[in-house]
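Coordinates as given in target_26.pdb (PDB, C-alpha atoms):
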```
ATOM      1  CA  LEU A   1      28.955  12.302 -54.783
ATOM      2  CA  ALA A   2      31.125  10.320 -52.366
ATOM      3  CA  PRO A   3      29.619  11.911 -49.235
ATOM      4  CA  VAL A   4      26.115  11.368 -50.597
ATOM      5  CA  LYS A   5      26.861   7.702 -51.230
ATOM      6  CA  ILE A   6      28.267   7.336 -47.701
ATOM      7  CA  ILE A   7      25.210   8.966 -46.138
ATOM      8  CA  PHE A   8      22.854   6.947 -48.336
ATOM      9  CA  GLY A   9      24.695   3.736 -47.453
ATOM     10  CA  PHE A  10      24.523   4.604 -43.757
ATOM     11  CA  ILE A  11      20.754   5.156 -43.992
ATOM     12  CA  ILE A  12      20.264   1.891 -45.857
ATOM     13  CA  THR A  13      22.323   0.043 -43.243
ATOM     14  CA  MET A  14      20.388   1.638 -40.393
ATOM     15  CA  VAL A  15      16.995   0.845 -41.907
ATOM     16  CA  TYR A  16      18.101  -2.708 -42.662
ATOM     17  CA  GLY A  17      19.305  -3.094 -39.080
ATOM     18  CA  VAL A  18      15.957  -1.884 -37.724
ATOM     19  CA  ILE A  19      14.078  -4.311 -39.970
ATOM     20  CA  ARG A  20      16.311  -7.215 -38.936
ATOM     21  CA  ASN A  21      15.917  -6.219 -35.292
ATOM     22  CA  PHE A  22      12.143  -6.247 -35.670
ATOM     23  CA  GLN A  23      12.261  -9.640 -37.389
ATOM     24  CA  ALA A  24      14.430 -11.123 -34.666
ATOM     25  CA  ALA A  25      12.252  -9.578 -31.933
ATOM     26  CA  LEU A  26       9.070 -10.921 -33.507
ATOM     27  CA  LYS A  27      10.538 -14.397 -33.618
ATOM     28  CA  TYR A  28      11.951 -14.113 -30.105
ATOM     29  CA  ARG A  29       8.707 -12.735 -28.603
ATOM     30  CA  GLY A  30       6.371 -15.083 -30.458
ATOM     31  CA  GLY A  31       4.633 -12.478 -32.597
ATOM     32  CA  TRP A  32       3.377  -8.917 -32.469
ATOM     33  CA  LYS A  33       1.511  -9.360 -29.167
ATOM     34  CA  GLY A  34       4.664 -10.326 -27.281
ATOM     35  CA  LEU A  35       6.686  -7.587 -28.999
ATOM     36  CA  LEU A  36       4.146  -4.857 -28.197
ATOM     37  CA  GLU A  37       3.910  -6.028 -24.590
ATOM     38  CA  HIS A  38       7.690  -5.799 -24.321
ATOM     39  CA  MET A  39       7.659  -2.265 -25.737
ATOM     40  CA  TYR A  40       4.791  -1.309 -23.397
ATOM     41  CA  THR A  41       6.379  -2.667 -20.227
ATOM     42  CA  ASN A  42      10.150  -2.382 -20.602
ATOM     43  CA  GLY A  43      10.261   0.301 -23.276
ATOM     44  CA  ASP A  44      13.533  -1.049 -24.658
ATOM     45  CA  TYR A  45      14.669  -0.373 -28.183
ATOM     46  CA  PRO A  46      16.664  -1.930 -29.683
ATOM     47  CA  PHE A  47      14.768  -4.856 -28.248
ATOM     48  CA  LYS A  48      16.583  -6.826 -25.584
ATOM     49  CA  PHE A  49      17.432 -10.454 -26.166
ATOM     50  CA  GLY A  50      18.656 -12.820 -23.512
ATOM     51  CA  THR A  51      18.513 -16.246 -21.932
ATOM     52  CA  TYR A  52      15.306 -17.139 -20.149
ATOM     53  CA  MET A  53      16.260 -17.880 -16.526
ATOM     54  CA  GLY A  54      12.859 -18.687 -15.026
ATOM     55  CA  CYS A  55       9.644 -17.181 -13.689
ATOM     56  CA  ASP A  56       7.956 -16.711 -10.326
ATOM     57  CA  ALA A  57       4.447 -17.404  -9.023
ATOM     58  CA  ALA A  58       3.203 -14.028 -10.309
ATOM     59  CA  GLY A  59       4.171 -14.877 -13.888
ATOM     60  CA  ASN A  60       7.136 -12.460 -14.002
ATOM     61  CA  ARG A  61       9.789 -13.725 -16.454
ATOM     62  CA  TYR A  62      13.497 -13.182 -15.852
ATOM     63  CA  TYR A  63      16.215 -12.917 -18.503
ATOM     64  CA  GLU A  64      19.975 -12.528 -18.601
ATOM     65  CA  ASN A  65      22.495 -11.495 -21.268
ATOM     66  CA  ARG A  66      26.080 -10.961 -20.095
ATOM     67  CA  VAL A  67      27.498 -10.603 -23.607
ATOM     68  CA  ASP A  68      25.635  -7.720 -25.229
ATOM     69  CA  TYR A  69      24.785  -5.532 -22.235
ATOM     70  CA  PRO A  70      26.919  -3.887 -19.539
ATOM     71  CA  PHE A  71      26.825  -4.886 -15.889
ATOM     72  CA  GLY A  72      23.657  -3.595 -14.274
ATOM     73  CA  GLN A  73      21.647  -3.965 -17.486
ATOM     74  CA  HIS A  74      22.404  -7.621 -18.140
ATOM     75  CA  ARG A  75      19.467  -8.894 -16.068
ATOM     76  CA  TRP A  76      15.861  -7.781 -16.390
ATOM     77  CA  VAL A  77      12.298  -8.810 -15.660
ATOM     78  CA  GLU A  78       9.275  -8.823 -17.910
ATOM     79  CA  PRO A  79       6.116  -8.527 -15.763
ATOM     80  CA  GLY A  80       3.306 -11.015 -15.730
ATOM     81  CA  ASP A  81       0.708  -8.333 -15.001
ATOM     82  CA  ILE A  82       1.613  -5.657 -17.546
ATOM     83  CA  HIS A  83      -0.898  -3.090 -16.235
ATOM     84  CA  ASN A  84      -0.309  -3.149 -12.460
ATOM     85  CA  PHE A  85       3.331  -4.140 -12.181
ATOM     86  CA  ASP A  86       5.165  -2.897  -9.114
ATOM     87  CA  SER A  87       8.771  -3.385  -8.070
ATOM     88  CA  ALA A  88       7.415  -4.981  -4.872
ATOM     89  CA  SER A  89       6.002  -7.758  -7.081
ATOM     90  CA  ILE A  90       9.495  -9.227  -7.423
ATOM     91  CA  PRO A  91       9.981 -11.851  -4.676
ATOM     92  CA  PRO A  92      13.093 -11.614  -2.466
ATOM     93  CA  GLU A  93      14.776 -14.661  -3.976
ATOM     94  CA  TRP A  94      14.599 -13.162  -7.478
ATOM     95  CA  HIS A  95      15.440  -9.686  -6.204
ATOM     96  CA  GLY A  96      18.787 -10.998  -4.951
ATOM     97  CA  TRP A  97      19.524 -12.399  -8.379
ATOM     98  CA  MET A  98      18.329  -9.253 -10.198
ATOM     99  CA  THR A  99      20.639  -6.997  -8.159
ATOM    100  CA  SER A 100      23.601  -9.391  -8.582
ATOM    101  CA  MET A 101      23.718 -10.221  -4.882
ATOM    102  CA  ASN A 102      24.041 -13.799  -6.105
ATOM    103  CA  ASP A 103      24.477 -15.455  -9.472
ATOM    104  CA  THR A 104      22.181 -18.388  -8.836
ATOM    105  CA  PRO A 105      18.494 -18.177  -9.807
ATOM    106  CA  PRO A 106      16.069 -19.494  -7.186
ATOM    107  CA  HIS A 107      15.320 -22.754  -8.986
ATOM    108  CA  ALA A 108      19.016 -23.689  -8.714
ATOM    109  CA  GLU A 109      19.534 -22.537  -5.117
ATOM    110  CA  GLU A 110      19.320 -26.005  -3.600
ATOM    111  CA  ASP A 111      22.001 -27.362  -5.923
ATOM    112  CA  TYR A 112      24.134 -24.279  -5.327
ATOM    113  CA  ILE A 113      23.831 -24.562  -1.538
ATOM    114  CA  GLY A 114      24.496 -28.292  -1.717
ATOM    115  CA  GLU A 115      27.684 -27.631  -3.651
ATOM    116  CA  ARG A 116      28.885 -24.767  -1.474
ATOM    117  CA  LYS A 117      28.195 -26.378   1.876
ATOM    118  CA  GLN A 118      30.802 -28.995   1.088
ATOM    119  CA  ASN A 119      33.362 -26.285   1.857
ATOM    120  CA  ILE A 120      31.893 -25.543   5.311
ATOM    121  CA  ILE A 121      34.064 -26.862   8.113
ATOM    122  CA  PRO A 122      31.909 -27.386  11.229
ATOM    123  CA  LEU A 123      33.589 -26.051  14.364
ATOM    124  CA  CYS A 124      31.424 -28.056  16.754
ATOM    125  CA  GLU A 125      28.596 -30.564  16.726
ATOM    126  CA  SER A 126      25.107 -29.154  16.256
ATOM    127  CA  ASN A 127      21.647 -30.651  16.651
ATOM    128  CA  ALA A 128      19.931 -27.852  14.707
ATOM    129  CA  GLY A 129      19.261 -30.048  11.695
ATOM    130  CA  ILE A 130      20.586 -27.385   9.318
ATOM    131  CA  ASP A 131      24.009 -27.899   7.794
ATOM    132  CA  HIS A 132      24.454 -24.547   6.073
ATOM    133  CA  ASN A 133      24.384 -20.874   6.981
ATOM    134  CA  VAL A 134      21.287 -19.951   4.965
ATOM    135  CA  GLY A 135      19.030 -21.389   7.656
ATOM    136  CA  HIS A 136      15.453 -22.561   7.621
ATOM    137  CA  GLN A 137      13.039 -20.703   5.359
ATOM    138  CA  GLU A 138       9.252 -20.781   5.631
ATOM    139  CA  GLU A 139       7.098 -20.369   2.564
ATOM    140  CA  VAL A 140       5.367 -16.996   2.693
ATOM    141  CA  TYR A 141       2.040 -16.105   1.053
ATOM    142  CA  ASN A 142       1.726 -12.575  -0.239
ATOM    143  CA  PHE A 143      -1.523 -10.915  -1.264
ATOM    144  CA  HIS A 144      -1.627 -10.750  -5.069
ATOM    145  CA  HIS A 145       2.145 -11.398  -5.074
ATOM    146  CA  LEU A 146       2.860  -8.003  -3.487
ATOM    147  CA  HIS A 147       5.815  -8.387  -1.142
ATOM    148  CA  ASN A 148       5.627  -4.812   0.143
ATOM    149  CA  LEU A 149       2.542  -5.015   2.348
ATOM    150  CA  THR A 150       2.370  -1.240   2.855
ATOM    151  CA  THR A 151       0.721  -1.092  -0.578
ATOM    152  CA  VAL A 152      -2.054  -3.481   0.500
ATOM    153  CA  ARG A 153      -4.191  -0.843   2.192
ATOM    154  CA  SER A 154      -7.490   0.850   1.506
ATOM    155  CA  ARG A 155      -7.413   4.110  -0.451
ATOM    156  CA  GLY A 156     -10.312   5.440   1.628
ATOM    157  CA  TYR A 157     -12.886   4.407   4.193
ATOM    158  CA  GLY A 158     -14.893   1.465   2.904
ATOM    159  CA  ILE A 159     -13.715   1.660  -0.724
ATOM    160  CA  GLY A 160     -10.812  -0.816  -0.740
ATOM    161  CA  ASN A 161      -8.005  -0.483  -3.260
ATOM    162  CA  PRO A 162      -8.843  -1.395  -6.871
ATOM    163  CA  ILE A 163      -5.204  -0.920  -7.918
ATOM    164  CA  VAL A 164      -3.983  -3.923  -5.942
ATOM    165  CA  GLY A 165      -7.343  -5.707  -5.905
ATOM    166  CA  LEU A 166      -8.217  -5.128  -2.230
ATOM    167  CA  PRO A 167     -12.032  -5.353  -1.904
ATOM    168  CA  PRO A 168     -14.022  -2.810   0.159
ATOM    169  CA  GLY A 169     -14.124  -3.601   3.855
ATOM    170  CA  ALA A 170     -11.123  -5.936   3.717
ATOM    171  CA  LYS A 171      -8.477  -5.638   6.389
ATOM    172  CA  ASP A 172      -5.270  -3.798   5.514
ATOM    173  CA  SER A 173      -2.183  -6.009   5.459
ATOM    174  CA  TYR A 174       0.520  -3.639   6.580
ATOM    175  CA  TYR A 175       2.013  -3.963  10.063
ATOM    176  CA  THR A 176       0.994  -1.510  12.795
ATOM    177  CA  GLN A 177       2.829  -0.884  16.044
ATOM    178  CA  PRO A 178       1.113  -1.701  19.355
ATOM    179  CA  GLY A 179      -0.575   1.440  20.601
ATOM    180  CA  SER A 180      -1.289   2.709  17.111
ATOM    181  CA  PRO A 181      -4.909   3.792  16.469
ATOM    182  CA  TYR A 182      -4.786   1.476  13.431
ATOM    183  CA  ASN A 183      -3.858  -1.554  15.569
ATOM    184  CA  GLU A 184      -6.981  -3.588  16.340
ATOM    185  CA  ALA A 185      -5.640  -4.685  19.721
ATOM    186  CA  SER A 186      -5.144  -1.036  20.717
ATOM    187  CA  ILE A 187      -8.582   0.236  19.687
ATOM    188  CA  ARG A 188     -10.697   0.960  22.773
ATOM    189  CA  PRO A 189     -14.344  -0.173  22.607
ATOM    190  CA  ARG A 190     -16.901   2.568  22.161
ATOM    191  CA  VAL A 191     -18.766   3.464  25.353
ATOM    192  CA  ASN A 192     -22.040   5.360  24.873
ATOM    193  CA  ILE A 193     -23.345   7.739  27.532
ATOM    194  CA  GLY A 194     -26.849   8.105  26.139
ATOM    195  CA  ASP A 195     -29.251   7.825  23.232
ATOM    196  CA  LEU A 196     -31.267  10.617  21.638
ATOM    197  CA  ASP A 197     -34.030   8.140  20.786
ATOM    198  CA  ALA A 198     -34.053   6.311  24.107
ATOM    199  CA  ALA A 199     -37.807   6.928  24.472
ATOM    200  CA  LYS A 200     -38.413   5.234  21.119
ATOM    201  CA  GLY A 201     -36.224   2.228  21.830
ATOM    202  CA  GLY A 202     -32.908   3.656  20.729
ATOM    203  CA  GLY A 203     -31.273   4.386  17.393
ATOM    204  CA  ARG A 204     -29.019   7.421  17.899
ATOM    205  CA  PRO A 205     -26.509   6.579  20.616
ATOM    206  CA  TYR A 206     -23.775   9.062  21.464
ATOM    207  CA  LYS A 207     -20.528   8.864  23.404
ATOM    208  CA  SER A 208     -20.157  12.549  24.236
ATOM    209  CA  GLU A 209     -22.218  15.741  24.302
ATOM    210  CA  LYS A 210     -20.332  16.978  21.248
ATOM    211  CA  TRP A 211     -21.298  13.777  19.429
ATOM    212  CA  ALA A 212     -24.927  14.281  20.462
ATOM    213  CA  GLU A 213     -24.885  17.839  19.140
ATOM    214  CA  ARG A 214     -23.880  16.523  15.728
ATOM    215  CA  LEU A 215     -26.720  13.994  15.729
ATOM    216  CA  ARG A 216     -29.509  16.419  16.618
ATOM    217  CA  THR A 217     -31.802  17.801  13.914
ATOM    218  CA  PRO A 218     -32.261  21.594  13.505
ATOM    219  CA  GLU A 219     -35.716  21.323  15.138
ATOM    220  CA  GLU A 220     -34.254  19.472  18.107
ATOM    221  CA  LYS A 221     -31.528  22.072  18.474
ATOM    222  CA  LEU A 222     -34.132  24.894  18.510
ATOM    223  CA  ALA A 223     -36.253  23.038  21.056
ATOM    224  CA  LEU A 224     -33.198  22.443  23.240
ATOM    225  CA  GLU A 225     -32.212  26.112  23.007
ATOM    226  CA  LYS A 226     -35.763  27.147  23.947
ATOM    227  CA  GLU A 227     -35.684  24.785  26.909
ATOM    228  CA  LYS A 228     -32.384  26.313  28.065
ATOM    229  CA  MET A 229     -33.821  29.818  27.775
ATOM    230  CA  ASP A 230     -36.934  28.760  29.741
ATOM    231  CA  VAL A 231     -34.700  27.433  32.511
ATOM    232  CA  VAL A 232     -32.762  30.713  32.547
ATOM    233  CA  ASN A 233     -35.969  32.798  32.617
ATOM    234  CA  ARG A 234     -37.426  30.745  35.489
ATOM    235  CA  ALA A 235     -34.185  31.168  37.407
ATOM    236  CA  VAL A 236     -34.270  34.944  36.833
ATOM    237  CA  GLU A 237     -37.908  35.165  37.949
ATOM    238  CA  ALA A 238     -37.172  33.097  41.041
ATOM    239  CA  GLU A 239     -34.238  35.346  41.887
ATOM    240  CA  LYS A 240     -36.442  38.463  41.469
ATOM    241  CA  LYS A 241     -39.072  37.051  43.846
ATOM    242  CA  ALA A 242     -36.400  36.108  46.365
ATOM    243  CA  ALA A 243     -34.920  39.628  46.168
ATOM    244  CA  ALA A 244     -38.364  41.146  46.734
ATOM    245  CA  ARG A 245     -38.949  38.964  49.798
ATOM    246  CA  ARG A 246     -35.574  39.927  51.226
ATOM    247  CA  LYS A 247     -36.391  43.606  50.688
ATOM    248  CA  MET A 248     -39.759  43.269  52.472
ATOM    249  CA  MET A 249     -38.154  41.446  55.384
ATOM    250  CA  MET A 250     -35.501  44.144  55.758
ATOM    251  CA  ALA A 251     -38.194  46.862  55.644
ATOM    252  CA  SER A 252     -40.169  45.118  58.387
ATOM    253  CA  ARG A 253     -37.147  45.277  60.672
ATOM    254  CA  GLY A 254     -36.707  49.026  60.116
ATOM    255  CA  ALA A 255     -34.259  48.905  57.355
ATOM    256  CA  GLY A 256     -33.367  52.308  55.972
ATOM    257  CA  THR A 257     -34.210  54.289  59.289
ATOM    258  CA  VAL A 258     -31.632  56.268  61.256
ATOM    259  CA  SER A 259     -31.352  55.575  64.986
ATOM    260  CA  GLY A 260     -32.288  58.616  67.164
ATOM    261  CA  ALA A 261     -33.944  60.525  64.401
TER     262      ALA A 261
END
```

Translate this file's structure into structure tokens.
Amino acid sequence: LAPVKIIFGFIITMVYGVIRNFQAALKYRGGWKGLLEHMYTNGDYPFKFGTYMGCDAAGNRYYENRVDYPFGQHRWVEPGDIHNFDSASIPPEWHGWMTSMNDTPPHAEEDYIGERKQNIIPLCESNAGIDHNVGHQEEVYNFHHLHNLTTVRSRGYGIGNPIVGLPPGAKDSYYTQPGSPYNEASIRPRVNIGDLDAAKGGGRPYKSEKWAERLRTPEEKLALEKEKMDVVNRAVEAEKKAAARRKMMMASRGAGTVSGA
């Protein structure tokens, strides 16, 4: 009976721990909605608990717990947009904190820099107006809080990108090299060499004969082929008449006779 009691006690303890964990998570997350969102996004169980460190403009919330979790798992983010979250949605200032490149969250950076720059010994006088090595930083706007602009591109011609919210016809945001066919400054203007409907006032311009062939209707292609054949037949008939005239002229000069016969 002793082993049975031990196993039964272990099961009771485990079930009690799960219940207590659910109770604490419900209180910590503000109810079932917050708990289910956490399970849907992070997929952590037992549920993670930590100190709220701040949020960014996209609504992503950042937490830290150095006591209960090992290094590398002690900081995490809970997304603001639970359906379309992307790792590129984390801004650079929070990314540095998430990956432990620094221990100061962005909202405390100014105080941190102000404290640290007291230890900087200037080697010479500077008129730059910046007294620390971080340098000047401009505020950057990112489309739908996506910091990786290669994702802000259309998924097809004229359809946009519903995943990131890019409407149809909108310009892609990713950088293109000069000379690239996707670079607007490198796109050559279209030069037309004719129009299939020029007699009607225009409507089907083309830039090459191959382009014109694609625009023609089956009836127009047959008519064009017939016209080509008529030109060939006229040329053949003209050549036959010219050959006959040459033959008559040669006969008039005694062509085909043998001298002295």

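One finds atom CA of Asn161 of chain A at 24.1 Å from atom CA of Glu78 of chain A.
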
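Between Arg190 of chain A and the residues A:Pro205, A:Pro106, A:Gly9, A:Gly59, the shortest atom-to-atom distance, using only C-alpha atoms, involves A:Pro205.
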
* To do: List the residues selected by the PyMOL selection byres ((chain A and resi 166) around 12) in the file shown, writing them as a PyMOL selection string.
  => chain A and resi 143-144+146+149+151-156+158-165+167-173

* Could you expand the PyMOL selection byres ((chain A and resi 194) around 8) into the explicit residues it covers here, written as a list in words? => Asn192, Ile193, Asp195, Leu196, Ala198, Pro205, Tyr206 and Lys207 of chain A

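Proximity of A:Pro70, A:Gly114, A:Pro218, A:Pro79 to Thr41 of chain A, computed with all atoms listed in the file, is greatest for A:Pro79.
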
Please return the centre and edge lengths, in Å to one decimal, of a box with edges along x, y and z that contains all listed atoms of segment 75-83 of chain A, widened by 3 Å on every side, as AutoDock Vina command-line options.
```
--center_x 9.3 --center_y -7.1 --center_z -16.5 --size_x 26.4 --size_y 13.9 --size_z 8.9
```

* Surrounding residues of Ser87 of chain A excluding itself and chain neighbours under 6 positions, 12 Å, only C-alpha atoms, as an MDAnalysis selection string -> chainID A and resid 60 76:79 81 94:95 98 145:148 151

* For the structure provided, state which residues fall under the PyMOL selection byres ((chain A and resi 10-22) around 12), and present them as a list in words. =>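 When the PyMOL selection byres ((chain A and resi 10-22) around 12) is applied, the selected residues are Pro3, Val4, Lys5, Ile6, Ile7, Phe8, Gly9, Gln23, Ala24, Ala25, Leu26, Lys27, Tyr28, Arg29, Gly30, Gly31, Trp32, Gly34, Leu35, Leu36, Met39, Tyr45, Pro46, Phe47, Lys48 and Phe49 of chain A.
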
* Computed interatomic separation between atom CA of Lys117 of chain A and atom CA of Asp131 of chain A (Å) ->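 Computed distance, atom CA of Lys117 of chain A to atom CA of Asp131 of chain A, equals 7.4 Å.
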
* To do: Please measure the separation of atom CA of Asp111 of chain A and atom CA of Val67 of chain A, giving the value in Å to one decimal.
  =>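 Taking atom CA of Asp111 of chain A and atom CA of Val67 of chain A, their separation equals 25.0 Å.
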
* Structure fact -> Of A:Ile82, A:Val231, A:Leu123, A:Ile187, the one sitting nearest His38 of chain A when using all atoms listed in the file is A:Ile82

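Proximity of A:Arg204, A:Arg188, A:Arg75, A:His107 to Arg216 of chain A, computed with all atoms listed in the file, is greatest for A:Arg204.
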